[in-house]
Each structure stands twice: as C-alpha cells, then as structure tokens.
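What follows is run.cif (mmCIF, C-alpha atoms).
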```cif
data_data
#
loop_
_atom_site.label_atom_id
_atom_site.label_comp_id
_atom_site.auth_asym_id
_atom_site.auth_seq_id
_atom_site.Cartn_x
_atom_site.Cartn_y
_atom_site.Cartn_z
CA MET A 126 0.00 0.00 0.00
CA THR A 127 1.31 3.44 -0.95
CA ARG A 128 1.62 5.89 1.93
CA ILE A 129 0.73 9.45 0.93
CA CYS A 130 0.55 12.78 2.68
CA PHE A 131 -1.35 15.93 1.72
CA LEU A 132 0.18 19.09 3.17
CA GLY A 133 -1.88 22.19 2.58
CA ASN A 134 -3.66 25.33 3.67
CA SER A 135 -7.41 26.10 3.62
CA HIS A 136 -7.72 24.33 0.24
CA LEU A 137 -6.97 21.08 2.06
CA ALA A 138 -10.62 21.05 3.17
CA ALA A 139 -11.74 19.90 -0.30
CA VAL A 140 -9.11 17.15 -0.26
CA LYS A 141 -10.18 15.91 3.18
CA LEU A 142 -13.83 15.88 2.10
CA GLY A 143 -12.89 14.11 -1.12
CA LEU A 144 -10.97 11.45 0.79
CA GLU A 145 -13.93 10.88 3.11
CA ALA A 146 -16.27 10.53 0.14
CA ALA A 147 -13.87 8.19 -1.68
CA LEU A 148 -13.63 5.95 1.37
CA ALA A 149 -17.40 5.97 1.81
CA HIS A 150 -17.93 4.93 -1.82
CA GLY A 151 -15.09 2.41 -1.85
CA VAL A 152 -13.23 4.09 -4.72
CA LEU A 153 -9.99 5.06 -3.01
CA ALA A 154 -7.01 3.24 -4.51
CA GLU A 155 -4.60 1.15 -2.44
CA VAL A 156 -3.25 4.11 -0.51
CA ALA A 157 -3.03 5.15 3.12
CA ALA A 158 -3.59 8.92 3.14
CA ASP A 159 -2.81 11.43 5.88
CA THR A 160 -3.52 15.15 5.84
CA PHE A 161 -1.76 18.04 7.57
CA GLY A 162 -3.05 21.57 7.19
CA SER A 163 -2.79 25.11 8.46
CA HIS A 164 -4.18 28.39 7.20
CA ARG A 165 -3.00 30.86 4.55
CA ASP A 166 0.80 30.91 4.25
CA SER A 167 1.52 29.66 7.77
CA LEU A 168 3.23 26.55 6.34
CA ALA A 169 6.01 28.91 5.26
CA ARG A 170 6.86 29.26 8.95
CA CYS A 171 7.58 25.54 9.38
CA LEU A 172 11.10 24.14 9.57
CA ILE A 173 12.46 21.05 7.85
CA GLN A 174 14.25 19.52 10.81
CA ASP A 175 15.48 15.99 11.52
CA GLY A 176 13.52 14.57 8.61
CA ALA A 177 10.24 16.25 9.50
CA VAL A 178 8.13 19.32 8.74
CA VAL A 179 8.01 21.00 12.13
CA PRO A 180 5.73 23.93 13.07
CA THR A 181 7.38 26.94 14.69
CA GLU A 182 4.14 28.30 16.15
CA PRO A 183 1.61 26.68 18.53
CA SER A 184 -1.32 27.55 16.24
CA ILE A 185 0.24 25.61 13.34
CA ALA A 186 0.95 22.63 15.61
CA ARG A 187 -2.69 22.67 16.76
CA ASN A 188 -3.89 22.76 13.15
CA PHE A 189 -1.58 19.88 12.24
CA ALA A 190 -2.94 17.90 15.19
CA TRP A 191 -6.61 18.16 14.32
CA THR A 192 -6.16 17.78 10.55
CA SER A 193 -3.94 14.70 10.92
CA GLY A 194 -5.65 12.96 13.80
CA GLY A 195 -3.19 13.90 16.53
CA ARG A 196 0.26 14.46 15.03
CA GLU A 197 2.01 17.81 15.31
CA LYS A 198 4.73 17.26 12.70
CA VAL A 199 5.08 15.53 9.35
CA VAL A 200 7.64 12.73 9.55
CA LEU A 201 8.77 12.46 5.95
CA ALA A 202 10.04 8.87 6.23
CA ASP A 203 6.45 7.77 6.93
CA TYR A 204 5.43 8.45 3.32
CA ASP A 205 6.11 7.41 -0.25
CA ALA A 206 4.60 10.56 -1.74
CA LEU A 207 3.69 14.03 -0.54
CA TYR A 208 1.34 16.49 -2.25
CA ILE A 209 1.50 20.22 -1.51
CA VAL A 210 -1.98 21.74 -1.73
CA ALA A 211 -1.09 25.37 -1.04
CA GLY A 212 0.38 28.33 -2.85
CA GLY A 213 -0.34 29.71 -6.28
CA SER A 214 -0.12 27.40 -9.28
CA PRO A 215 2.31 28.37 -12.04
CA PHE A 216 -0.47 27.44 -14.47
CA SER A 217 -2.76 30.31 -13.45
CA VAL A 218 -3.66 32.23 -16.60
CA PHE A 219 -3.23 35.48 -14.70
CA ARG A 220 0.49 34.83 -14.39
CA TYR A 221 1.28 34.69 -18.08
CA LEU A 222 -1.41 36.70 -19.89
CA PRO A 223 -1.21 40.50 -19.74
CA PRO A 224 -4.55 42.03 -18.66
CA GLY A 225 -6.93 42.24 -21.60
CA GLN A 226 -4.39 40.87 -24.10
CA LEU A 227 -3.72 37.61 -25.93
CA PRO A 228 -0.20 38.04 -27.35
CA PRO A 229 1.72 35.48 -29.44
CA PRO A 230 3.50 32.83 -27.34
CA SER A 231 6.72 34.10 -25.76
CA PRO A 232 8.90 31.31 -24.30
CA ALA A 233 11.30 33.82 -22.74
CA VAL A 234 8.47 35.43 -20.80
CA TYR A 235 7.14 32.07 -19.62
CA GLY A 236 10.60 30.99 -18.51
CA ALA A 237 10.85 34.12 -16.39
CA VAL A 238 7.36 33.53 -14.96
CA ALA A 239 8.23 29.94 -14.05
CA ALA A 240 11.54 30.97 -12.48
CA SER A 241 9.77 33.64 -10.42
CA TRP A 242 7.20 31.10 -9.25
CA CYS A 243 10.01 28.79 -8.05
CA GLY A 244 10.99 31.46 -5.54
CA GLU A 245 7.57 31.68 -3.92
CA TRP A 246 7.04 30.19 -0.47
CA ALA A 247 5.08 27.05 -1.42
CA PRO A 248 7.40 25.69 -4.14
CA SER A 249 10.32 26.68 -1.91
CA LEU A 250 8.82 24.51 0.84
CA GLY A 251 8.37 21.64 -1.63
CA ARG A 252 11.97 21.97 -2.79
CA ALA A 253 13.23 21.91 0.82
CA ILE A 254 11.16 18.82 1.59
CA ALA A 255 12.46 17.06 -1.53
CA ALA A 256 16.05 17.90 -0.61
CA ALA A 257 15.58 16.59 2.92
CA ALA A 258 13.94 13.33 1.77
CA PRO A 259 15.44 12.24 -1.59
CA LYS A 260 13.38 9.01 -1.70
CA LEU A 261 10.09 10.87 -1.22
CA ALA A 262 8.10 11.82 -4.32
CA VAL A 263 7.07 15.45 -3.81
CA HIS A 264 4.28 16.74 -6.04
CA PHE A 265 3.11 20.35 -6.21
CA VAL A 266 -0.64 20.73 -6.63
CA GLY A 267 -1.14 24.26 -5.36
CA GLU A 268 -4.42 26.11 -5.04
CA PRO A 269 -7.32 25.68 -7.48
CA ALA A 270 -7.88 28.01 -10.40
CA LEU A 271 -10.24 30.89 -9.73
CA SER A 272 -13.91 30.00 -10.18
CA THR A 273 -16.09 31.17 -13.06
CA ALA A 274 -18.23 32.70 -10.33
CA TRP A 275 -15.65 35.53 -10.52
CA HIS A 276 -17.51 38.79 -11.01
CA ARG A 277 -15.34 39.74 -13.99
CA TYR A 278 -15.61 36.41 -15.77
CA ARG A 279 -17.89 37.59 -18.57
CA GLY A 280 -15.50 40.36 -19.55
CA PHE A 281 -12.57 37.94 -19.27
CA ARG A 282 -14.26 35.54 -21.71
CA ASP A 283 -14.57 38.33 -24.28
CA LEU A 284 -10.79 38.14 -24.70
CA PHE A 285 -11.24 34.72 -26.33
CA GLY A 286 -14.32 35.33 -28.45
CA ASP A 287 -17.45 37.35 -29.03
CA ALA A 288 -20.92 36.94 -27.51
CA GLY A 289 -19.64 34.24 -25.18
CA GLU A 290 -18.51 31.92 -27.98
CA PRO A 291 -14.76 31.08 -28.09
CA ASP A 292 -13.09 32.02 -31.36
CA PRO A 293 -11.13 29.03 -32.77
CA VAL A 294 -8.13 31.16 -33.73
CA ARG A 295 -7.91 32.82 -30.31
CA LEU A 296 -8.48 29.48 -28.59
CA ALA A 297 -5.66 27.91 -30.62
CA ARG A 298 -3.36 30.75 -29.54
CA LEU A 299 -4.36 30.19 -25.91
CA ARG A 300 -3.57 26.47 -26.22
CA ALA A 301 -0.15 27.29 -27.69
CA ILE A 302 0.52 29.66 -24.80
CA GLN A 303 -0.54 27.06 -22.25
CA ALA A 304 1.69 24.41 -23.85
CA ALA A 305 4.65 26.79 -23.83
CA MET A 306 4.02 27.65 -20.18
CA ALA A 307 3.87 23.94 -19.30
CA ARG A 308 7.25 23.41 -20.98
CA ALA A 309 8.69 26.36 -19.06
CA VAL A 310 7.47 24.90 -15.75
CA ALA A 311 8.91 21.49 -16.61
CA ARG A 312 12.33 23.09 -17.23
CA ALA A 313 12.22 25.34 -14.16
CA PRO A 314 14.48 24.45 -11.18
CA HIS A 315 11.61 23.68 -8.81
CA GLY A 316 13.36 20.61 -7.40
CA MET A 317 10.20 18.53 -6.99
CA THR A 318 9.05 15.30 -8.64
CA SER A 319 6.26 17.03 -10.54
CA VAL A 320 4.11 20.13 -10.78
CA MET A 321 0.54 19.10 -11.41
CA PRO A 322 -1.74 21.02 -13.77
CA TYR A 323 -5.31 21.80 -12.73
CA PRO A 324 -7.74 18.85 -13.01
CA PRO A 325 -9.08 19.26 -16.59
CA ALA A 326 -12.48 17.81 -15.66
CA CYS A 327 -13.10 20.81 -13.40
CA LEU A 328 -12.21 23.58 -15.85
CA ASP A 329 -14.42 25.74 -18.04
CA GLU A 330 -14.52 25.32 -21.83
CA LEU A 331 -11.55 27.66 -22.14
CA GLY A 332 -9.52 25.37 -19.90
CA VAL A 333 -8.41 28.18 -17.59
CA LEU A 334 -10.86 28.66 -14.68
CA THR A 335 -12.71 26.25 -12.38
CA ARG A 336 -16.41 25.84 -13.13
CA ALA A 337 -18.59 27.57 -10.54
CA GLU A 338 -20.37 24.35 -9.58
CA PHE A 339 -17.24 23.24 -7.75
CA THR A 340 -17.38 26.18 -5.31
CA ARG A 341 -20.95 25.51 -4.17
CA GLY A 342 -21.02 24.07 -0.67
CA ALA A 343 -17.30 24.55 -0.09
CA LYS A 344 -16.23 24.19 3.54
CA ARG A 345 -13.76 26.08 5.68
CA LEU A 346 -10.73 24.30 7.14
CA VAL A 347 -12.04 24.16 10.70
CA GLU A 348 -12.41 21.19 12.99
CA GLY A 349 -15.41 19.13 11.89
CA LEU A 350 -15.36 20.68 8.39
CA ASP A 351 -18.89 21.86 9.10
CA ALA A 352 -18.57 25.61 8.45
CA ALA A 353 -19.45 26.80 4.96
CA GLN A 354 -17.43 29.24 2.93
CA PRO A 355 -19.43 32.39 2.12
CA ASP A 356 -21.56 32.33 -1.03
CA SER A 357 -19.32 35.03 -2.48
CA ASP A 358 -16.21 32.81 -2.25
CA GLU A 359 -14.56 32.30 -5.64
CA VAL A 360 -11.47 30.27 -4.71
CA HIS A 361 -12.38 27.43 -2.31
CA MET A 362 -13.77 24.17 -3.64
CA ASN A 363 -16.19 21.47 -2.52
CA THR A 364 -16.27 17.69 -2.07
CA ASP A 365 -16.84 17.06 -5.80
CA TYR A 366 -13.70 19.03 -6.60
CA GLY A 367 -11.79 17.03 -3.98
CA LEU A 368 -12.90 13.80 -5.65
CA ALA A 369 -12.01 15.11 -9.11
CA LEU A 370 -8.57 16.15 -7.88
CA LEU A 371 -7.95 12.73 -6.34
CA ARG A 372 -8.99 11.12 -9.63
CA HIS A 373 -6.67 13.49 -11.51
CA LEU A 374 -3.82 12.40 -9.24
CA GLY A 375 -4.55 8.74 -9.98
CA LEU A 376 -5.69 7.97 -6.45
CA LEU A 377 -9.19 6.66 -7.23
CA THR A 378 -10.14 3.37 -8.79
CA ARG A 379 -12.89 4.98 -10.89
#
```
So, in terms of structure tokens, how does the structure I just supplied come out?
Amino acid sequence: MTRICFLGNSHLAAVKLGLEAALAHGVLAEVAADTFGSHRDSLARCLIQDGAVVPTEPSIARNFAWTSGGREKVVLADYDALYIVAGGSPFSVFRYLPPGQLPPPSPAVYGAVAASWCGEWAPSLGRAIAAAAPKLAVHFVGEPALSTAWHRYRGFRDLFGDAGEPDPVRLARLRAIQAAMARAVARAPHGMTSVMPYPPACLDELGVLTRAEFTRGAKRLVEGLDAAQPDSDEVHMNTDYGLALLRHLGLLTR
C-alpha cells in the first residue's frame, strides 16, 4: 500500500472531504492517506528539521494535530509521496497573460514567470522537503484556479471570443501559450518530482478557470469541516472538486 501525505492550507478542506467521500464509496485506490493543514501561508513558517516538517508556532501545531488525527509534525520517512496543496499554481492564466491581451507565445516570458514562481514560499517549501527526503516523491498541486463565479468572468471571456462563444483562432493561440508555459514549468528548477496542472475535468470550456459548480457548498478548514465558505467565495472548492482532484492524481479506482 502506498503511503501518501497531503500538506496544505485552507484548500486542504476539499481534499479531506474528497478522501472521506472516496472511502465511503469504496473508490480510493490502495493508498493510506494522511492530511496536515494550516491556514494561509503559515506553512512557510515551518522548519524542515530531523527529517520532519516541524511547526514553529503553537497555532500551526494545533492545526496539524486536528487535521492529521493527533500528530504535530510531518515525519517524511512515513510516506512514499507528498502532495503540496497550497500556494499559487504556475499554471494560473493570470500569471502569463497580460490584462486584456492575448499576445503570441513568448517562451522567454514564460521561462521568467516559471523561475519567479520557483521562488515563492510554497514551491520553496516543496523543494526543501524534496532535498531533505530524496526518496520521497514530492508533487506540487497548489491552489485551485479561480472560479467562473468571478464577477469579472464575462469580460474575461470576451478576450477569447465574441458573444460568449470562443473564437477558434484565439483558442488555438491560448492552447499554444498554455503548452509553452507547461514546458517552461517542466524546465524550471523547482526541485520537486512534478508540478501538477489543474484537473481538466473541473475547468471551463476555455480550460483556464474552475467551473462555478465546484465552489458551491465549499467548507472552511475548521475542525469538523462543518462551516461553509461564504456564497461570495470564488477560490475554495467542494467535495466534488476534492474527488475530481484525487482522480486526476490517480488515487481513485474509478
């Protein structure tokens, strides 16, 4: 059985709910999964010490304890694979498209974007974990793409077509840009086993933002996972998204 760990921030709630649903429906693959979470960028204040991710603040240790079932540090040798579910994804369209523009692909620009992303706190944490545990597969998942519930989504779509219909030529340019960005991320010195793209099954027809249905009923990362995110939330996802992400990662049987 493969031993896996999810280390994340508030977006870990969807993963935890997805794991619970997968277990309830008997579709979780042959894995033993643990979760460790804390809010916002507090994971950046953990140390990699003696083969473990160790909180430096009592609040982080308390969050680790309730999200993991009692453990206050992540012992890296306990796992075969670790997934980081925190921090911005390098595949966010807002990183590589200038506002209101759809320029020709520019590999030099995307290389610079990917290199800049490598220096952010979450990939830096992943790189430190990978260096401390060379036998551990470290995968960067990051935070979900913004939801199509975004109040500016209609105007954003107009960049790719008229009257809500994607233009094939503009869509082809977008796909070329996305492919070039993916190559730039693959070449970037992130130091991890992989950087995962967004789950395609959850994205809009443009392949850039998460469909709004996956934000409905999203829960906050609080003990019991029984507090709802506000209706206006555009970034946190629900149980269905958690299941889709697990399927995307190859952790479900169907």
request  = Kindly resolve the PyMOL selection byres ((chain A and resi 178) around 10) on the present coordinates and return the residues as a list in words.
outcome  =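 So the PyMOL selection byres ((chain A and resi 178) around 10) ends up selecting Leu132, Leu168, Cys171, Leu172, Ile173, Gln174, Asp175, Gly176, Ala177, Val179, Pro180, Thr181, Glu197, Lys198, Val199, Val200, Leu201, Leu250, Ala253, Ile254 and Ala257 of chain A.
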message = Here's the selection I'm unsure about, the PyMOL selection byres ((chain A and resi 211-220) around 6); applied to the file above, which residues does it give, as an NGL selection string?
response = :A and (133-134 or 209-210 or 221-222 or 247 or 267-268)
request  = Name the residues in contact with Ala369 of chain A at a cut-off of 12 Å, using only C-alpha atoms, excluding same-chain residues fewer than 6 positions from it; report them as a list in words.
outcome  = Ala139, Val140, Leu142, Gly143, Leu144, Ala146, Ala147, Val152, Leu153, Pro269, Tyr323, Pro324, Pro325, Ala326, Cys327, Leu328, Thr335, Phe339, Met362, Asn363, Gly375, Leu376, Leu377, Thr378 and Arg379 of chain A
Name all residues at most 6 Å from Phe265 of chain A (count only C-alpha atoms; drop same-chain ones fewer than 4 positions away) and give them as a PDB file with C-alpha atoms, in the coordinates of the input.
```pdb
ATOM      1  CA  TYR A 208       1.340  16.490  -2.250  1.00  0.00           C
ATOM      2  CA  ILE A 209       1.500  20.220  -1.510  1.00  0.00           C
ATOM      3  CA  VAL A 320       4.110  20.130 -10.780  1.00  0.00           C
ATOM      4  CA  MET A 321       0.540  19.100 -11.410  1.00  0.00           C
TER       5      MET A 321
END
```
note = The distance between atom CA of Ala206 of chain A and atom CA of Cys130 of chain A is 6.4 Å
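For the structure in this document, the set picked by the PyMOL selection byres ((chain A and resi 358) around 10) is A:Leu271, A:Ser272, A:Ala274, A:Trp275, A:Thr340, A:Arg341, A:Ala343, A:Ala353, A:Gln354, A:Pro355, A:Asp356, A:Ser357, A:Glu359, A:Val360, A:His361, A:Met362.
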ask   = Using all atoms listed in the file, which of A:Arg282, A:Arg196, A:His136, A:Arg300 sits nearest Arg165 of chain A?
value =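 Of all the options, A:His136 lies closest to Arg165 of chain A.
Taking atom CA of Pro232 of chain A as the reference point, atom CA of Gly280 of chain A is found at 26.5 Å.
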Filled-in N, CA and C atoms of segment 298-321 of chain A, supplied as an mmCIF file, in the coordinates of the input:
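Listed below is the output, result-v9.cif:
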```
data_model
loop_
_atom_site.group_PDB
_atom_site.id
_atom_site.type_symbol
_atom_site.label_atom_id
_atom_site.label_comp_id
_atom_site.auth_asym_id
_atom_site.auth_seq_id
_atom_site.Cartn_x
_atom_site.Cartn_y
_atom_site.Cartn_z
ATOM 1 N N ARG A 298 -4.483 29.979 -30.086
ATOM 2 C CA ARG A 298 -3.360 30.750 -29.540
ATOM 3 C C ARG A 298 -3.242 30.504 -28.039
ATOM 4 N N LEU A 299 -4.379 30.468 -27.345
ATOM 5 C CA LEU A 299 -4.360 30.190 -25.910
ATOM 6 C C LEU A 299 -3.742 28.820 -25.636
ATOM 7 N N ARG A 300 -4.116 27.818 -26.424
ATOM 8 C CA ARG A 300 -3.570 26.470 -26.220
ATOM 9 C C ARG A 300 -2.058 26.463 -26.457
ATOM 10 N N ALA A 301 -1.587 27.209 -27.437
ATOM 11 C CA ALA A 301 -0.150 27.290 -27.690
ATOM 12 C C ALA A 301 0.572 27.954 -26.526
ATOM 13 N N ILE A 302 -0.056 28.986 -25.963
ATOM 14 C CA ILE A 302 0.520 29.660 -24.800
ATOM 15 C C ILE A 302 0.579 28.720 -23.614
ATOM 16 N N GLN A 303 -0.506 27.994 -23.378
ATOM 17 C CA GLN A 303 -0.540 27.060 -22.250
ATOM 18 C C GLN A 303 0.516 25.967 -22.404
ATOM 19 N N ALA A 304 0.676 25.451 -23.606
ATOM 20 C CA ALA A 304 1.690 24.410 -23.850
ATOM 21 C C ALA A 304 3.089 24.954 -23.605
ATOM 22 N N ALA A 305 3.336 26.186 -24.044
ATOM 23 C CA ALA A 305 4.650 26.790 -23.830
ATOM 24 C C ALA A 305 4.906 27.036 -22.348
ATOM 25 N N MET A 306 3.869 27.433 -21.621
ATOM 26 C CA MET A 306 4.020 27.650 -20.180
ATOM 27 C C MET A 306 4.301 26.320 -19.478
ATOM 28 N N ALA A 307 3.625 25.256 -19.896
ATOM 29 C CA ALA A 307 3.870 23.940 -19.300
ATOM 30 C C ALA A 307 5.312 23.494 -19.522
ATOM 31 N N ARG A 308 5.847 23.760 -20.706
ATOM 32 C CA ARG A 308 7.250 23.410 -20.980
ATOM 33 C C ARG A 308 8.193 24.229 -20.099
ATOM 34 N N ALA A 309 7.859 25.497 -19.900
ATOM 35 C CA ALA A 309 8.690 26.360 -19.060
ATOM 36 C C ALA A 309 8.699 25.863 -17.609
ATOM 37 N N VAL A 310 7.549 25.423 -17.113
ATOM 38 C CA VAL A 310 7.470 24.900 -15.750
ATOM 39 C C VAL A 310 8.272 23.614 -15.628
ATOM 40 N N ALA A 311 8.175 22.758 -16.638
ATOM 41 C CA ALA A 311 8.910 21.490 -16.610
ATOM 42 C C ALA A 311 10.420 21.721 -16.566
ATOM 43 N N ARG A 312 10.892 22.796 -17.200
ATOM 44 C CA ARG A 312 12.330 23.090 -17.230
ATOM 45 C C ARG A 312 12.790 23.891 -16.017
ATOM 46 N N ALA A 313 11.864 24.462 -15.276
ATOM 47 C CA ALA A 313 12.220 25.340 -14.160
ATOM 48 C C ALA A 313 12.863 24.537 -13.017
ATOM 49 N N PRO A 314 13.768 25.157 -12.264
ATOM 50 C CA PRO A 314 14.480 24.450 -11.180
ATOM 51 C C PRO A 314 13.661 24.370 -9.887
ATOM 52 N N HIS A 315 12.476 23.753 -9.993
ATOM 53 C CA HIS A 315 11.610 23.680 -8.810
ATOM 54 C C HIS A 315 12.044 22.595 -7.839
ATOM 55 N N GLY A 316 12.791 21.611 -8.286
ATOM 56 C CA GLY A 316 13.360 20.610 -7.400
ATOM 57 C C GLY A 316 12.404 19.539 -6.904
ATOM 58 N N MET A 317 11.179 19.517 -7.437
ATOM 59 C CA MET A 317 10.200 18.530 -6.990
ATOM 60 C C MET A 317 9.988 17.456 -8.061
ATOM 61 N N THR A 318 9.298 16.394 -7.703
ATOM 62 C CA THR A 318 9.050 15.300 -8.640
ATOM 63 C C THR A 318 8.185 15.760 -9.795
ATOM 64 N N SER A 319 7.139 16.536 -9.488
ATOM 65 C CA SER A 319 6.260 17.030 -10.540
ATOM 66 C C SER A 319 5.503 18.257 -10.062
ATOM 67 N N VAL A 320 5.018 19.005 -11.027
ATOM 68 C CA VAL A 320 4.110 20.130 -10.780
ATOM 69 C C VAL A 320 2.839 19.802 -11.535
ATOM 70 N N MET A 321 1.761 19.592 -10.804
ATOM 71 C CA MET A 321 0.540 19.100 -11.410
ATOM 72 C C MET A 321 -0.295 20.226 -12.005
#
```
